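Student: To start, I am sharing the structure in question, which I have written as structure tokens.
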Amino acid sequence: MKKLILFLSLALVSSVAIARANYGKYSMQHSTSEDVLQKYIGQHVKMFSYSPGNGRDDSYDPYRFEDMGGKTDVIYTVEKIKVGKFIFIDLISDSGKKVKVKVNLNHERNYKGMETCESFFLVDKFEADKKNYIGKVINNADGQPVAKVIDLKMLGYYDIPPTPHIVIKSDFDGSIISCTEEEAKIACSYYGKILSHPKVKRQYKVLGITYPTTEEMYMSKYALYNLQNPEEPNKKHACRVDNPEYDAFKDDLEGHYVSVLSKVEKPSNPAIRYGKTTTIEDKDKNISKYSYIDNVIDILIFGGSKQFNYILRNVSNNSIKVIWNEAVFVDYDGTTSKIMHTGTKYSQREGDQPATTIIKGAKIEDLAVPNCNVRYSEALNEWVTESMYPSKPALEPGQLRLMLPIQIKDVVNEYIFVFDVNYVYDHPERLTLAE
């Protein structure tokens, strides 16, 4: 069984990320006192092999041990320990192979000796504890027994030295995971729990955990809780272990945000009549577009996730100008931003943007992107535009507003397009109430 994938996917803090091996109570104690070290005479020890993250280091204890004739992952009996210029440890394997090990006194990086006694693993103590661990009951957050320990193993991962891991089996679905005791408390805290959501009809019972395969692990897959809908016991579901209260209902709440034009606030100029707003369904693109017409402009506009698109026609008897420097976007949380439109360079989006003149009877096809959502990604090495919508589903964020300033002769008229941001569910039949 691989070193706990749970360690990665749960982002749990562990004490194993250290420069050298230290197995805690299963490590030989490092001491310069010969009397203290005598307690290890007759005990069985071994040294684990694992790979340091920065490649071979000649001061790295398993390499130094091998240079002295020892072999990693082989059990030795401690025959003799003497302290002089080094800590001298005489070992013998079951096959009779003898090894004399030199260990530096105070963790020095002297290449003639190993750095520490702590790299030796105490086999007898570990095996004694294993017998006590097997059969131990693991409780969930409510104190209910939900799993049992079936084994105790030393497991490592990449450049992390092996550490004690309990192997636990779920009482509900028999799934098996390996983790530290602290990780087990967190992982099993949800076992047996019924998850519910105020908007979703379904409930889910947490049964256990499934690891990703080794191949999936390298694709950054996550360990998953195994879920069961009590009303459909034969159907199993899964959710990530880092946030089950939310992730269990991700499929049920699947959907998308849409912008619905709720009103157009016309300019205060009395010469501009109140316009008419109509909805035009574009079935090919599965979107709703909105038409607004008064005695100055005829605009067809719709909002996407990252920008507003529109076709603006001048229906007045005069030329009009779109004053881009004064155009404004307002987020649903009240954040105000300038906009960039077609032809604006990303790097110059906060600079001067010349006005666009539209003579009578003419039109422009353009877009408006909030500057606040545009950034340069060092990771991707390109400009990216963030969504105008929330990152989480099933919210009611409020309204987006786009103000386009239209100049007629010397007067600037502010048109404000107000959009309600609504969430459309893909599976409304799964909801407790009609949305």
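Each chain in the structure tokens gets a letter, A, B and so on, in the order shown; residues start at 1 in every chain, and ligands are counted from 1 in the order they appear.
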As a compact mmCIF listing (two decimals) with C-alpha atoms, in the first residue's frame, please: every residue in segment 25-211 of chain A that DSSP puts in helix (DSSP H, G or I).
Tutor:
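The resulting out-v1.txt:
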```txt
# COMPACT_ATOMS: atom_id res chain seq x y z
CA LYS A 25 9.58 6.40 19.99
CA TYR A 26 10.73 3.83 17.43
CA GLU A 34 27.82 4.66 26.60
CA ASP A 35 25.76 3.69 29.65
CA VAL A 36 22.58 5.10 28.12
CA LEU A 37 23.14 3.27 24.85
CA GLN A 38 23.70 -0.12 26.51
CA LYS A 39 19.91 -0.67 26.72
CA TYR A 40 19.91 -1.36 22.97
CA ASP A 61 22.72 8.05 6.72
CA PRO A 62 21.41 5.11 4.61
CA TYR A 63 24.21 5.74 2.09
CA ARG A 64 26.83 5.95 4.83
CA PHE A 65 25.41 2.75 6.37
CA GLU A 66 25.79 0.96 3.05
CA ASP A 67 29.35 2.29 2.71
CA CYS A 117 21.72 6.95 15.96
CA GLU A 118 18.11 8.00 15.36
CA SER A 119 18.23 6.53 11.86
CA VAL A 123 11.93 -3.39 15.35
CA ASP A 124 11.00 -5.11 18.64
CA LYS A 125 9.22 -2.09 20.11
CA PHE A 126 7.31 -1.57 16.89
CA GLU A 127 6.18 -5.21 16.71
CA ALA A 128 5.06 -5.11 20.35
CA ASP A 129 2.98 -1.98 19.72
CA LYS A 130 1.49 -3.50 16.57
CA LYS A 131 -0.15 -6.24 18.64
CA ASN A 132 -1.74 -3.59 20.86
CA TYR A 133 -2.92 -1.48 17.91
CA GLU A 181 -3.35 8.41 14.11
CA GLU A 182 -3.95 12.16 13.84
CA GLU A 183 -4.95 11.82 10.20
CA ALA A 184 -7.28 8.95 11.11
CA LYS A 185 -9.17 11.17 13.55
CA ILE A 186 -9.83 13.68 10.79
CA ALA A 187 -10.49 11.14 8.02
CA CYS A 188 -12.90 9.04 10.10
CA SER A 189 -14.64 12.00 11.72
CA TYR A 190 -17.24 11.85 8.93
```
Student: Name all residues at most 6 Å from Gln203 of chain A (count only C-alpha atoms; drop same-chain ones fewer than 3 positions away) and give them as a VMD selection string.
Tutor: chain A and resid 195 to 196 229
Student: Write to file, as a tab-separated table (two decimals), in the first residue's frame, the residues of the selection just made, with all heavy atoms.
Tutor:
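Output file again_9.tsv follows:
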```
chain	number	residue	atom	x	y	z
A	195	LEU	N	-25.02	13.43	5.51
A	195	LEU	CA	-24.83	14.78	4.99
A	195	LEU	C	-26.13	15.26	4.35
A	195	LEU	O	-26.76	14.53	3.59
A	195	LEU	CB	-23.71	14.79	3.96
A	195	LEU	CG	-22.35	14.25	4.41
A	195	LEU	CD1	-21.36	14.29	3.25
A	195	LEU	CD2	-21.82	15.06	5.58
A	196	SER	N	-26.49	16.50	4.63
A	196	SER	CA	-27.70	17.07	4.03
A	196	SER	C	-27.42	18.51	3.61
A	196	SER	O	-26.46	19.14	4.08
A	196	SER	CB	-28.87	17.03	5.01
A	196	SER	OG	-28.57	17.79	6.17
A	229	ASN	N	-26.70	7.17	-0.87
A	229	ASN	CA	-28.01	7.78	-0.64
A	229	ASN	C	-28.89	6.73	0.02
A	229	ASN	O	-29.18	5.70	-0.59
A	229	ASN	CB	-28.61	8.24	-1.98
A	229	ASN	CG	-29.98	8.85	-1.83
A	229	ASN	OD1	-30.49	8.98	-0.70
A	229	ASN	ND2	-30.59	9.24	-2.93
```
Student: Between A:Lys409, A:Arg349, A:Lys289, A:Gly304, which residue has the minimum interatomic distance to Trp383 of chain A, considering only C-alpha atoms?
Tutor: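 Closest to Trp383 of chain A, using only C-alpha atoms: A:Arg349.
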Student: For a test of reading the model, state the distance in Å between atom CA of Asn325 of chain A and atom CA of Ile359 of chain A, rounded to one decimal.
Tutor: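 Atom CA of Ile359 of chain A lies 19.6 Å from atom CA of Asn325 of chain A.
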Student: Just the residues within 12 Å of Ile209 of chain A, please, counting only C-alpha atoms, with nothing from its chain fewer than 5 positions along; format it as an NGL selection string.
Tutor: :A and (4-6 or 9-10 or 147 or 168-179 or 184 or 186-192 or 222-227 or 237-242 or 244)
Student: If you count only C-alpha atoms, which residues fall within 8 Å of Leu431 of chain A, apart from same-chain ones fewer than 2 positions away, as a list in words?
Tutor: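 With the cut-off at 8 Å, the set is Lys199, Val200, Lys201, Asp252, His427, Pro428, Glu429, Leu433, Ala434 and Glu435 of chain A.
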Student: Kindly save the residues from that selection, with N, CA and C atoms included, as a compact mmCIF listing (two decimals), in the first residue's frame.
Tutor:
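result36.txt was written with the following content:
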```
# COMPACT_ATOMS: atom_id res chain seq x y z
N LYS A 199 -30.97 22.91 0.18
CA LYS A 199 -31.58 23.06 -1.14
C LYS A 199 -31.78 21.73 -1.86
N VAL A 200 -31.21 20.65 -1.32
CA VAL A 200 -31.19 19.38 -2.05
C VAL A 200 -32.04 18.34 -1.32
N LYS A 201 -32.83 17.60 -2.09
CA LYS A 201 -33.67 16.55 -1.50
C LYS A 201 -32.85 15.39 -0.96
N ASP A 252 -25.51 17.75 -7.56
CA ASP A 252 -26.91 18.15 -7.41
C ASP A 252 -27.10 19.63 -7.66
N HIS A 427 -30.26 20.31 -12.63
CA HIS A 427 -31.14 19.24 -12.13
C HIS A 427 -32.13 19.83 -11.14
N PRO A 428 -33.04 20.65 -11.58
CA PRO A 428 -34.01 21.26 -10.66
C PRO A 428 -34.88 20.22 -9.93
N GLU A 429 -35.03 19.04 -10.53
CA GLU A 429 -35.84 18.01 -9.90
C GLU A 429 -35.22 17.48 -8.59
N LEU A 433 -37.08 22.82 -3.23
CA LEU A 433 -38.07 23.79 -3.66
C LEU A 433 -37.81 24.16 -5.11
N ALA A 434 -38.87 24.52 -5.80
CA ALA A 434 -38.70 24.97 -7.18
C ALA A 434 -37.92 26.27 -7.16
N GLU A 435 -36.83 26.29 -7.91
CA GLU A 435 -35.99 27.48 -7.94
C GLU A 435 -36.37 28.36 -9.12
```
Student: I'd like the interatomic distance between atom CA of Lys98 of chain A and atom CA of Gly84 of chain A, to a tenth of an Å.
Tutor: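 It comes out at 20.0 Å.
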